$ cat protein04.txt   # compact mmCIF, C-alpha atoms
# COMPACT_ATOMS: atom_id res chain seq x y z
CA MET A 1 61.42 110.18 93.88
CA ALA A 2 62.17 113.79 93.03
CA THR A 3 59.25 115.94 91.98
CA GLN A 4 59.33 117.16 88.38
CA ARG A 5 60.16 120.85 88.17
CA ALA A 6 58.22 123.22 85.90
CA LEU A 7 60.37 124.29 82.96
CA PRO A 8 60.42 127.79 81.49
CA GLN A 9 58.40 128.32 78.33
CA GLY A 10 61.45 128.46 76.08
CA LYS A 11 62.80 125.16 77.38
CA GLU A 12 59.36 123.57 77.16
CA MET A 13 59.08 124.54 73.49
CA LEU A 14 62.57 123.23 72.85
CA LEU A 15 61.68 119.86 74.36
CA GLN A 16 58.51 119.73 72.27
CA ASN A 17 60.62 120.41 69.19
CA TYR A 18 62.95 117.55 70.15
CA ASN A 19 59.97 115.24 70.57
CA LYS A 20 58.57 116.21 67.14
CA ARG A 21 61.95 115.64 65.47
CA LEU A 22 62.16 112.21 67.08
CA LYS A 23 58.73 111.15 65.85
CA ASP A 24 59.30 112.50 62.33
CA ASP A 25 62.66 110.78 61.93
CA ILE A 26 61.37 107.43 63.18
CA LYS A 27 58.31 107.69 60.89
CA SER A 28 60.57 108.52 57.93
CA ILE A 29 62.77 105.49 58.58
CA LEU A 30 59.76 103.19 58.94
CA ASP A 31 57.94 104.51 55.83
CA ASN A 32 60.98 104.36 53.57
CA PHE A 33 61.90 100.88 54.74
CA THR A 34 58.31 99.72 54.09
CA GLU A 35 58.41 101.17 50.55
CA ILE A 36 61.72 99.44 49.85
CA ILE A 37 60.17 96.11 50.86
CA LYS A 38 57.17 96.80 48.56
CA THR A 39 59.48 97.68 45.67
CA ALA A 40 61.27 94.35 45.97
CA LYS A 41 58.01 92.53 45.19
CA ILE A 42 57.85 91.05 41.68
CA GLU A 43 54.74 92.25 39.86
CA ASP A 44 52.97 90.88 36.81
CA GLU A 45 53.57 92.13 33.31
CA THR A 46 52.49 95.73 32.72
CA GLN A 47 52.75 98.17 29.85
CA VAL A 48 56.23 99.16 31.14
CA SER A 49 58.99 96.79 30.18
CA ARG A 50 60.79 94.81 32.86
CA ALA A 51 64.09 96.60 32.25
CA THR A 52 62.49 100.01 32.65
CA GLN A 53 60.61 98.90 35.74
CA ALA A 54 63.78 97.43 37.26
CA GLU A 55 65.68 100.66 36.65
CA GLN A 56 62.87 102.69 38.18
CA ASP A 57 62.75 100.40 41.24
CA HIS A 58 66.53 100.57 41.58
CA TYR A 59 66.46 104.36 41.55
CA GLU A 60 63.59 104.46 44.05
CA MET A 61 65.45 102.14 46.42
CA HIS A 62 68.50 104.42 46.31
CA VAL A 63 66.40 107.47 47.11
CA ARG A 64 64.57 105.80 49.97
CA ALA A 65 67.83 104.37 51.37
CA ALA A 66 69.27 107.89 51.31
CA ASN A 67 66.19 109.10 53.19
CA ILE A 68 66.76 106.41 55.86
CA VAL A 69 70.40 107.47 56.21
CA ARG A 70 69.37 111.13 56.52
CA ALA A 71 66.80 110.27 59.19
CA GLY A 72 69.42 108.25 61.09
CA GLU A 73 71.88 111.16 61.01
CA SER A 74 69.10 113.45 62.22
CA LEU A 75 68.49 111.11 65.17
CA MET A 76 72.20 111.14 66.05
CA LYS A 77 72.15 114.95 65.95
CA LEU A 78 69.06 114.87 68.17
CA VAL A 79 70.88 112.70 70.71
CA SER A 80 73.78 115.18 70.74
CA ASP A 81 71.37 118.10 71.24
CA LEU A 82 69.65 116.30 74.12
CA LYS A 83 72.99 115.66 75.84
CA GLN A 84 73.94 119.31 75.45
CA PHE A 85 70.56 120.41 76.77
CA LEU A 86 70.93 118.14 79.80
CA ILE A 87 74.45 119.34 80.56
CA LEU A 88 73.58 123.02 80.25
CA ASN A 89 70.24 122.99 82.06
CA ASP A 90 70.35 120.24 84.70
CA PHE A 91 71.93 122.42 87.38
CA PRO A 92 70.72 120.40 90.42
CA SER A 93 72.45 117.26 89.17
CA VAL A 94 75.62 119.22 88.41
CA ASN A 95 75.55 120.79 91.89
CA ASP A 96 75.00 117.39 93.51
CA ALA A 97 77.96 115.94 91.63
CA ILE A 98 80.16 118.88 92.68
CA SER A 99 79.07 118.58 96.32
CA LEU A 100 79.77 114.84 96.34
CA GLN A 101 83.22 115.37 94.88
CA ASN A 102 83.95 118.11 97.45
CA GLN A 103 82.97 115.78 100.29
CA GLN A 104 85.22 113.03 98.97
CA LEU A 105 88.15 115.46 98.64
CA ARG A 106 87.57 116.83 102.15
CA SER A 107 87.53 113.30 103.59
CA LEU A 108 90.77 112.52 101.76
CA GLN A 109 92.32 115.75 103.06
CA GLU A 110 91.35 114.99 106.67
CA GLU A 111 92.76 111.47 106.36
CA CYS A 112 96.04 112.81 104.97
CA ASP A 113 96.25 115.43 107.74
CA LYS A 114 95.76 112.76 110.41
CA LYS A 115 98.45 110.56 108.90
CA LEU A 116 100.88 113.48 108.62
CA THR A 117 100.23 114.52 112.23
CA SER A 118 100.76 110.98 113.46
CA LEU A 119 103.95 110.68 111.43
CA ARG A 120 105.22 114.00 112.79
CA ASP A 121 104.63 112.90 116.38
CA GLU A 122 106.37 109.58 115.83
CA ILE A 123 109.37 111.30 114.24
CA ALA A 124 109.58 113.80 117.13
CA ILE A 125 109.52 110.99 119.72
CA ASP A 126 112.16 108.96 117.89
CA LEU A 127 114.36 112.02 117.43
CA TYR A 128 114.16 112.86 121.13
CA GLU A 129 115.09 109.31 122.12
CA LEU A 130 118.02 109.28 119.70
CA GLU A 131 119.20 112.63 121.03
CA GLU A 132 119.08 111.44 124.64
CA GLU A 133 120.95 108.28 123.68
CA TYR A 134 123.58 110.28 121.82
CA TYR A 135 124.24 112.80 124.61
CA SER A 136 124.41 110.07 127.26
CA SER A 137 126.96 108.00 125.30
CA SER A 138 130.74 108.26 125.59
CA TYR A 139 131.05 109.16 121.89
CA SER A 140 129.24 112.47 122.31
CA GLN A 141 131.26 115.52 121.23
CA TRP A 142 128.66 118.08 122.24
CA ASP A 143 129.75 121.45 123.64
CA GLY A 144 127.80 124.36 125.04
CA THR A 145 127.64 126.30 121.77
CA ASP A 146 125.92 123.50 119.78
CA LEU A 147 122.17 123.16 119.70
CA PRO A 148 120.72 119.74 120.44
CA LEU A 149 119.40 117.92 117.42
CA CYS A 150 115.85 117.98 118.68
CA GLN A 151 115.86 121.74 119.28
CA ALA A 152 117.50 122.45 115.92
CA PHE A 153 114.87 120.30 114.25
CA HIS A 154 112.02 122.09 116.02
CA GLN A 155 113.43 125.54 115.26
CA ARG A 156 113.75 124.66 111.58
CA GLU A 157 110.21 123.29 111.33
CA GLY A 158 108.62 125.93 113.55
CA TRP A 159 107.48 123.39 116.16
CA ALA A 160 109.60 124.54 119.09
CA SER A 161 107.78 125.73 122.21
CA PRO A 162 109.23 127.56 125.29
CA GLY A 163 108.42 124.64 127.59
CA SER A 164 109.69 121.84 125.34
CA SER A 165 111.77 119.04 126.79
CA CYS A 166 114.70 119.82 124.49
CA SER A 167 114.93 123.44 125.69
CA SER A 168 114.77 122.36 129.33
CA THR A 169 117.50 119.78 128.71
CA GLN A 170 119.81 122.41 127.24
CA GLY A 171 119.05 124.79 130.13
CA ASP A 172 119.96 122.09 132.64
CA ARG A 173 123.25 121.49 130.86
CA GLU A 174 124.03 125.24 130.81
CA GLU A 175 123.24 125.53 134.54
CA GLU A 176 125.49 122.56 135.29
CA GLY A 177 128.30 124.17 133.27
CA ALA A 178 127.90 127.50 135.11
CA ALA A 179 127.91 125.76 138.50
CA SER A 180 131.09 123.87 137.56
CA GLN A 181 132.85 127.07 136.49
CA GLU A 182 131.82 128.80 139.74
CA ALA A 183 133.18 125.86 141.78
CA ASN A 184 136.49 125.97 139.92
CA ARG A 185 136.76 129.71 140.51
CA LEU A 186 136.13 129.33 144.24
CA ASN A 187 138.65 126.49 144.50
CA GLY A 188 141.26 128.60 142.76
CA HIS A 189 140.61 131.55 145.05
CA GLY A 190 140.95 129.35 148.14
CA ALA A 191 144.26 127.90 146.93
CA SER A 192 145.74 131.35 146.31
CA SER A 193 144.72 132.46 149.83
CA MET A 194 146.48 129.48 151.36
CA GLU A 195 149.67 130.22 149.43
CA LYS A 196 149.70 133.80 150.71
CA ALA A 197 149.27 132.57 154.26
$ encode --input "protein04.txt" --output "structure tokens"
Amino acid sequence: MATQRALPQGKEMLLQNYNKRLKDDIKSILDNFTEIIKTAKIEDETQVSRATQAEQDHYEMHVRAANIVRAGESLMKLVSDLKQFLILNDFPSVNDAISLQNQQLRSLQEECDKKLTSLRDEIAIDLYELEEEYYSSSYSQWDGTDLPLCQAFHQREGWASPGSSCSSTQGDREEEGAASQEANRLNGHGASSMEKA
């Protein structure tokens, strides 16, 4: 259980004022209600006529009922003041609520980051497999000037690295193309030499 903190003098006086208002309003409601019950009692004949006495009692009941209503409104205002006092002055509770909300939001952020990272990895793997399947099929129309899908995707998203598998695949294809061109050039040179001979 948290230890009760010492309040400043101004706040202490304000709380004492709230306590006094509470006691006064409750006492007013109780006293006026008691007097209304007493007024409803039928008394014996007096020097005042019954009609006059009834009118006097009726007026007194109205006044005391109005006092009860006023005391009730004062209690409602007191409740509102207490809520405002609690909101404005209970800083530890407010800080605890903010810290708890921050922790919940951080946990949600970490969970979302993990899911996004996992989804990114799965998409990268699937894209690489689809690219390999496409380039190894007979329907591929890839030439040396086109970037592979995987490398284009990584360059667009900023994920490409110098040692990625897509870059190495393109480099292998470029080396194979250069070797093929060199072989064709040598074969052509050999054929021309034989014709001259």
$ closest_residue --input "protein04.txt" --among "A:Arg106, A:Ile29, A:Asp121, A:Glu12" --to "Ala66 (chain A)" --atoms "only C-alpha atoms"
A:Ile29
$ atom_distance --input "protein04.txt" --atom1 "CA of Asp57 (chain A)" --atom2 "CA of Ile42 (chain A)"
10.6 Å
$ atom_distance --input "protein04.txt" --atom1 "CA of Gln56 (chain A)" --atom2 "CA of Ser74 (chain A)"
27.1 Å
$ residues_around --input "protein04.txt" --residues "Ser28 (chain A)" --least-positions-apart "6" --cutoff "9 Å" --atoms "only C-alpha atoms" --output "NGL selection string"
:A and (67-68 or 71)
$ atom_distance --input "protein04.txt" --atom1 "CA of Ala40 (chain A)" --atom2 "CA of Ala54 (chain A)"
9.6 Å
$ closest_residue --input "protein04.txt" --among "A:Ala65, A:Met76, A:Ile123, A:Leu108" --to "Phe33 (chain A)" --atoms "only C-alpha atoms"
A:Ala65
$ residues_around --input "protein04.txt" --residues "Tyr18 (chain A)" --least-positions-apart "4" --cutoff "8 Å" --atoms "only C-alpha atoms" --output "NGL selection string"
:A and (14 or 22 or 78 or 82)
$ decode --input "protein04.txt" --residues "region 17-33 of chain A" --atoms "all heavy atoms" --output "mmCIF file, in the first residue's frame"
data_model
loop_
_atom_site.group_PDB
_atom_site.id
_atom_site.type_symbol
_atom_site.label_atom_id
_atom_site.label_comp_id
_atom_site.auth_asym_id
_atom_site.auth_seq_id
_atom_site.Cartn_x
_atom_site.Cartn_y
_atom_site.Cartn_z
ATOM 1 N N ASN A 17 -11.813 22.470 3.234
ATOM 2 C CA ASN A 17 -12.995 23.200 2.780
ATOM 3 C C ASN A 17 -13.995 22.253 2.110
ATOM 4 O O ASN A 17 -15.210 22.355 2.338
ATOM 5 C CB ASN A 17 -12.577 24.298 1.805
ATOM 6 C CG ASN A 17 -13.746 25.155 1.348
ATOM 7 O OD1 ASN A 17 -14.749 25.270 2.058
ATOM 8 N ND2 ASN A 17 -13.625 25.750 0.186
ATOM 9 N N TYR A 18 -13.481 21.318 1.306
ATOM 10 C CA TYR A 18 -14.363 20.326 0.683
ATOM 11 C C TYR A 18 -15.072 19.484 1.749
ATOM 12 O O TYR A 18 -16.274 19.197 1.632
ATOM 13 C CB TYR A 18 -13.552 19.412 -0.239
ATOM 14 C CG TYR A 18 -13.076 20.078 -1.517
ATOM 15 C CD1 TYR A 18 -11.993 19.559 -2.222
ATOM 16 C CD2 TYR A 18 -13.705 21.218 -2.015
ATOM 17 C CE1 TYR A 18 -11.552 20.169 -3.394
ATOM 18 C CE2 TYR A 18 -13.259 21.821 -3.178
ATOM 19 C CZ TYR A 18 -12.179 21.294 -3.862
ATOM 20 O OH TYR A 18 -11.752 21.885 -5.018
ATOM 21 N N ASN A 19 -14.336 19.087 2.757
ATOM 22 C CA ASN A 19 -14.917 18.272 3.828
ATOM 23 C C ASN A 19 -16.012 19.045 4.573
ATOM 24 O O ASN A 19 -17.071 18.498 4.914
ATOM 25 C CB ASN A 19 -13.807 17.848 4.791
ATOM 26 C CG ASN A 19 -14.249 16.756 5.745
ATOM 27 O OD1 ASN A 19 -15.244 16.072 5.503
ATOM 28 N ND2 ASN A 19 -13.525 16.589 6.828
ATOM 29 N N LYS A 20 -15.769 20.329 4.846
ATOM 30 C CA LYS A 20 -16.767 21.155 5.530
ATOM 31 C C LYS A 20 -18.021 21.318 4.666
ATOM 32 O O LYS A 20 -19.157 21.245 5.163
ATOM 33 C CB LYS A 20 -16.156 22.513 5.854
ATOM 34 C CG LYS A 20 -17.082 23.432 6.644
ATOM 35 C CD LYS A 20 -16.384 24.725 6.993
ATOM 36 C CE LYS A 20 -17.316 25.622 7.813
ATOM 37 N NZ LYS A 20 -18.551 25.972 7.094
ATOM 38 N N ARG A 21 -17.836 21.558 3.382
ATOM 39 C CA ARG A 21 -18.987 21.684 2.479
ATOM 40 C C ARG A 21 -19.810 20.395 2.459
ATOM 41 O O ARG A 21 -21.042 20.439 2.454
ATOM 42 C CB ARG A 21 -18.507 22.019 1.067
ATOM 43 C CG ARG A 21 -18.071 23.457 0.887
ATOM 44 C CD ARG A 21 -17.396 23.671 -0.451
ATOM 45 N NE ARG A 21 -18.252 23.225 -1.561
ATOM 46 C CZ ARG A 21 -17.842 23.202 -2.824
ATOM 47 N NH1 ARG A 21 -16.604 23.561 -3.137
ATOM 48 N NH2 ARG A 21 -18.668 22.805 -3.768
ATOM 49 N N LEU A 22 -19.129 19.275 2.460
ATOM 50 C CA LEU A 22 -19.833 17.992 2.452
ATOM 51 C C LEU A 22 -20.687 17.817 3.704
ATOM 52 O O LEU A 22 -21.881 17.463 3.622
ATOM 53 C CB LEU A 22 -18.813 16.854 2.340
ATOM 54 C CG LEU A 22 -19.358 15.435 2.411
ATOM 55 C CD1 LEU A 22 -20.294 15.156 1.236
ATOM 56 C CD2 LEU A 22 -18.215 14.422 2.444
ATOM 57 N N LYS A 23 -20.106 18.097 4.856
ATOM 58 C CA LYS A 23 -20.846 17.939 6.108
ATOM 59 C C LYS A 23 -22.024 18.914 6.191
ATOM 60 O O LYS A 23 -23.133 18.544 6.625
ATOM 61 C CB LYS A 23 -19.911 18.131 7.290
ATOM 62 C CG LYS A 23 -18.880 17.020 7.446
ATOM 63 C CD LYS A 23 -17.975 17.276 8.638
ATOM 64 C CE LYS A 23 -16.965 16.155 8.806
ATOM 65 N NZ LYS A 23 -16.058 16.384 9.971
ATOM 66 N N ASP A 24 -21.808 20.153 5.775
ATOM 67 C CA ASP A 24 -22.879 21.156 5.841
ATOM 68 C C ASP A 24 -24.042 20.796 4.925
ATOM 69 O O ASP A 24 -25.218 20.925 5.314
ATOM 70 C CB ASP A 24 -22.329 22.534 5.473
ATOM 71 C CG ASP A 24 -21.374 23.071 6.530
ATOM 72 O OD1 ASP A 24 -21.389 22.544 7.664
ATOM 73 O OD2 ASP A 24 -20.605 23.997 6.213
ATOM 74 N N ASP A 25 -23.731 20.330 3.714
ATOM 75 C CA ASP A 25 -24.804 19.997 2.775
ATOM 76 C C ASP A 25 -25.601 18.780 3.254
ATOM 77 O O ASP A 25 -26.837 18.761 3.161
ATOM 78 C CB ASP A 25 -24.215 19.733 1.384
ATOM 79 C CG ASP A 25 -23.679 21.013 0.748
ATOM 80 O OD1 ASP A 25 -24.160 22.099 1.116
ATOM 81 O OD2 ASP A 25 -22.778 20.918 -0.109
ATOM 82 N N ILE A 26 -24.901 17.781 3.763
ATOM 83 C CA ILE A 26 -25.613 16.598 4.264
ATOM 84 C C ILE A 26 -26.475 16.963 5.472
ATOM 85 O O ILE A 26 -27.628 16.514 5.598
ATOM 86 C CB ILE A 26 -24.601 15.488 4.621
ATOM 87 C CG1 ILE A 26 -23.942 14.961 3.345
ATOM 88 C CG2 ILE A 26 -25.294 14.350 5.351
ATOM 89 C CD1 ILE A 26 -22.891 13.913 3.580
ATOM 90 N N LYS A 27 -25.950 17.803 6.373
ATOM 91 C CA LYS A 27 -26.727 18.239 7.546
ATOM 92 C C LYS A 27 -27.958 19.043 7.114
ATOM 93 O O LYS A 27 -29.054 18.902 7.680
ATOM 94 C CB LYS A 27 -25.835 19.076 8.463
ATOM 95 C CG LYS A 27 -26.507 19.492 9.773
ATOM 96 C CD LYS A 27 -25.523 20.230 10.654
ATOM 97 C CE LYS A 27 -26.174 20.583 11.993
ATOM 98 N NZ LYS A 27 -27.351 21.467 11.849
ATOM 99 N N SER A 28 -27.790 19.893 6.091
ATOM 100 C CA SER A 28 -28.923 20.678 5.599
ATOM 101 C C SER A 28 -30.018 19.781 5.034
ATOM 102 O O SER A 28 -31.210 19.991 5.314
ATOM 103 C CB SER A 28 -28.441 21.667 4.540
ATOM 104 O OG SER A 28 -29.527 22.369 3.977
ATOM 105 N N ILE A 29 -29.624 18.771 4.257
ATOM 106 C CA ILE A 29 -30.619 17.860 3.695
ATOM 107 C C ILE A 29 -31.350 17.112 4.810
ATOM 108 O O ILE A 29 -32.592 16.995 4.807
ATOM 109 C CB ILE A 29 -29.935 16.869 2.732
ATOM 110 C CG1 ILE A 29 -29.428 17.601 1.489
ATOM 111 C CG2 ILE A 29 -30.904 15.758 2.315
ATOM 112 C CD1 ILE A 29 -28.634 16.727 0.547
ATOM 113 N N LEU A 30 -30.597 16.621 5.778
ATOM 114 C CA LEU A 30 -31.205 15.853 6.875
ATOM 115 C C LEU A 30 -32.140 16.713 7.728
ATOM 116 O O LEU A 30 -33.271 16.312 8.040
ATOM 117 C CB LEU A 30 -30.098 15.248 7.743
ATOM 118 C CG LEU A 30 -30.561 14.375 8.910
ATOM 119 C CD1 LEU A 30 -31.359 13.182 8.402
ATOM 120 C CD2 LEU A 30 -29.367 13.908 9.736
ATOM 121 N N ASP A 31 -31.704 17.940 8.070
ATOM 122 C CA ASP A 31 -32.532 18.820 8.912
ATOM 123 C C ASP A 31 -33.815 19.234 8.195
ATOM 124 O O ASP A 31 -34.916 19.206 8.795
ATOM 125 C CB ASP A 31 -31.733 20.063 9.311
ATOM 126 C CG ASP A 31 -30.596 19.721 10.267
ATOM 127 O OD1 ASP A 31 -30.624 18.619 10.854
ATOM 128 O OD2 ASP A 31 -29.674 20.556 10.421
ATOM 129 N N ASN A 32 -33.709 19.611 6.955
ATOM 130 C CA ASN A 32 -34.898 20.049 6.222
ATOM 131 C C ASN A 32 -35.865 18.891 6.001
ATOM 132 O O ASN A 32 -37.091 19.080 6.089
ATOM 133 C CB ASN A 32 -34.491 20.662 4.873
ATOM 134 C CG ASN A 32 -33.934 22.060 5.008
ATOM 135 O OD1 ASN A 32 -34.673 23.031 5.154
ATOM 136 N ND2 ASN A 32 -32.612 22.160 4.968
ATOM 137 N N PHE A 33 -35.341 17.720 5.740
ATOM 138 C CA PHE A 33 -36.233 16.575 5.564
ATOM 139 C C PHE A 33 -36.949 16.236 6.880
ATOM 140 O O PHE A 33 -38.152 15.913 6.892
ATOM 141 C CB PHE A 33 -35.433 15.364 5.064
ATOM 142 C CG PHE A 33 -36.284 14.186 4.729
ATOM 143 C CD1 PHE A 33 -37.022 14.152 3.554
ATOM 144 C CD2 PHE A 33 -36.363 13.100 5.590
ATOM 145 C CE1 PHE A 33 -37.817 13.057 3.238
ATOM 146 C CE2 PHE A 33 -37.158 12.009 5.287
ATOM 147 C CZ PHE A 33 -37.885 11.981 4.104
#
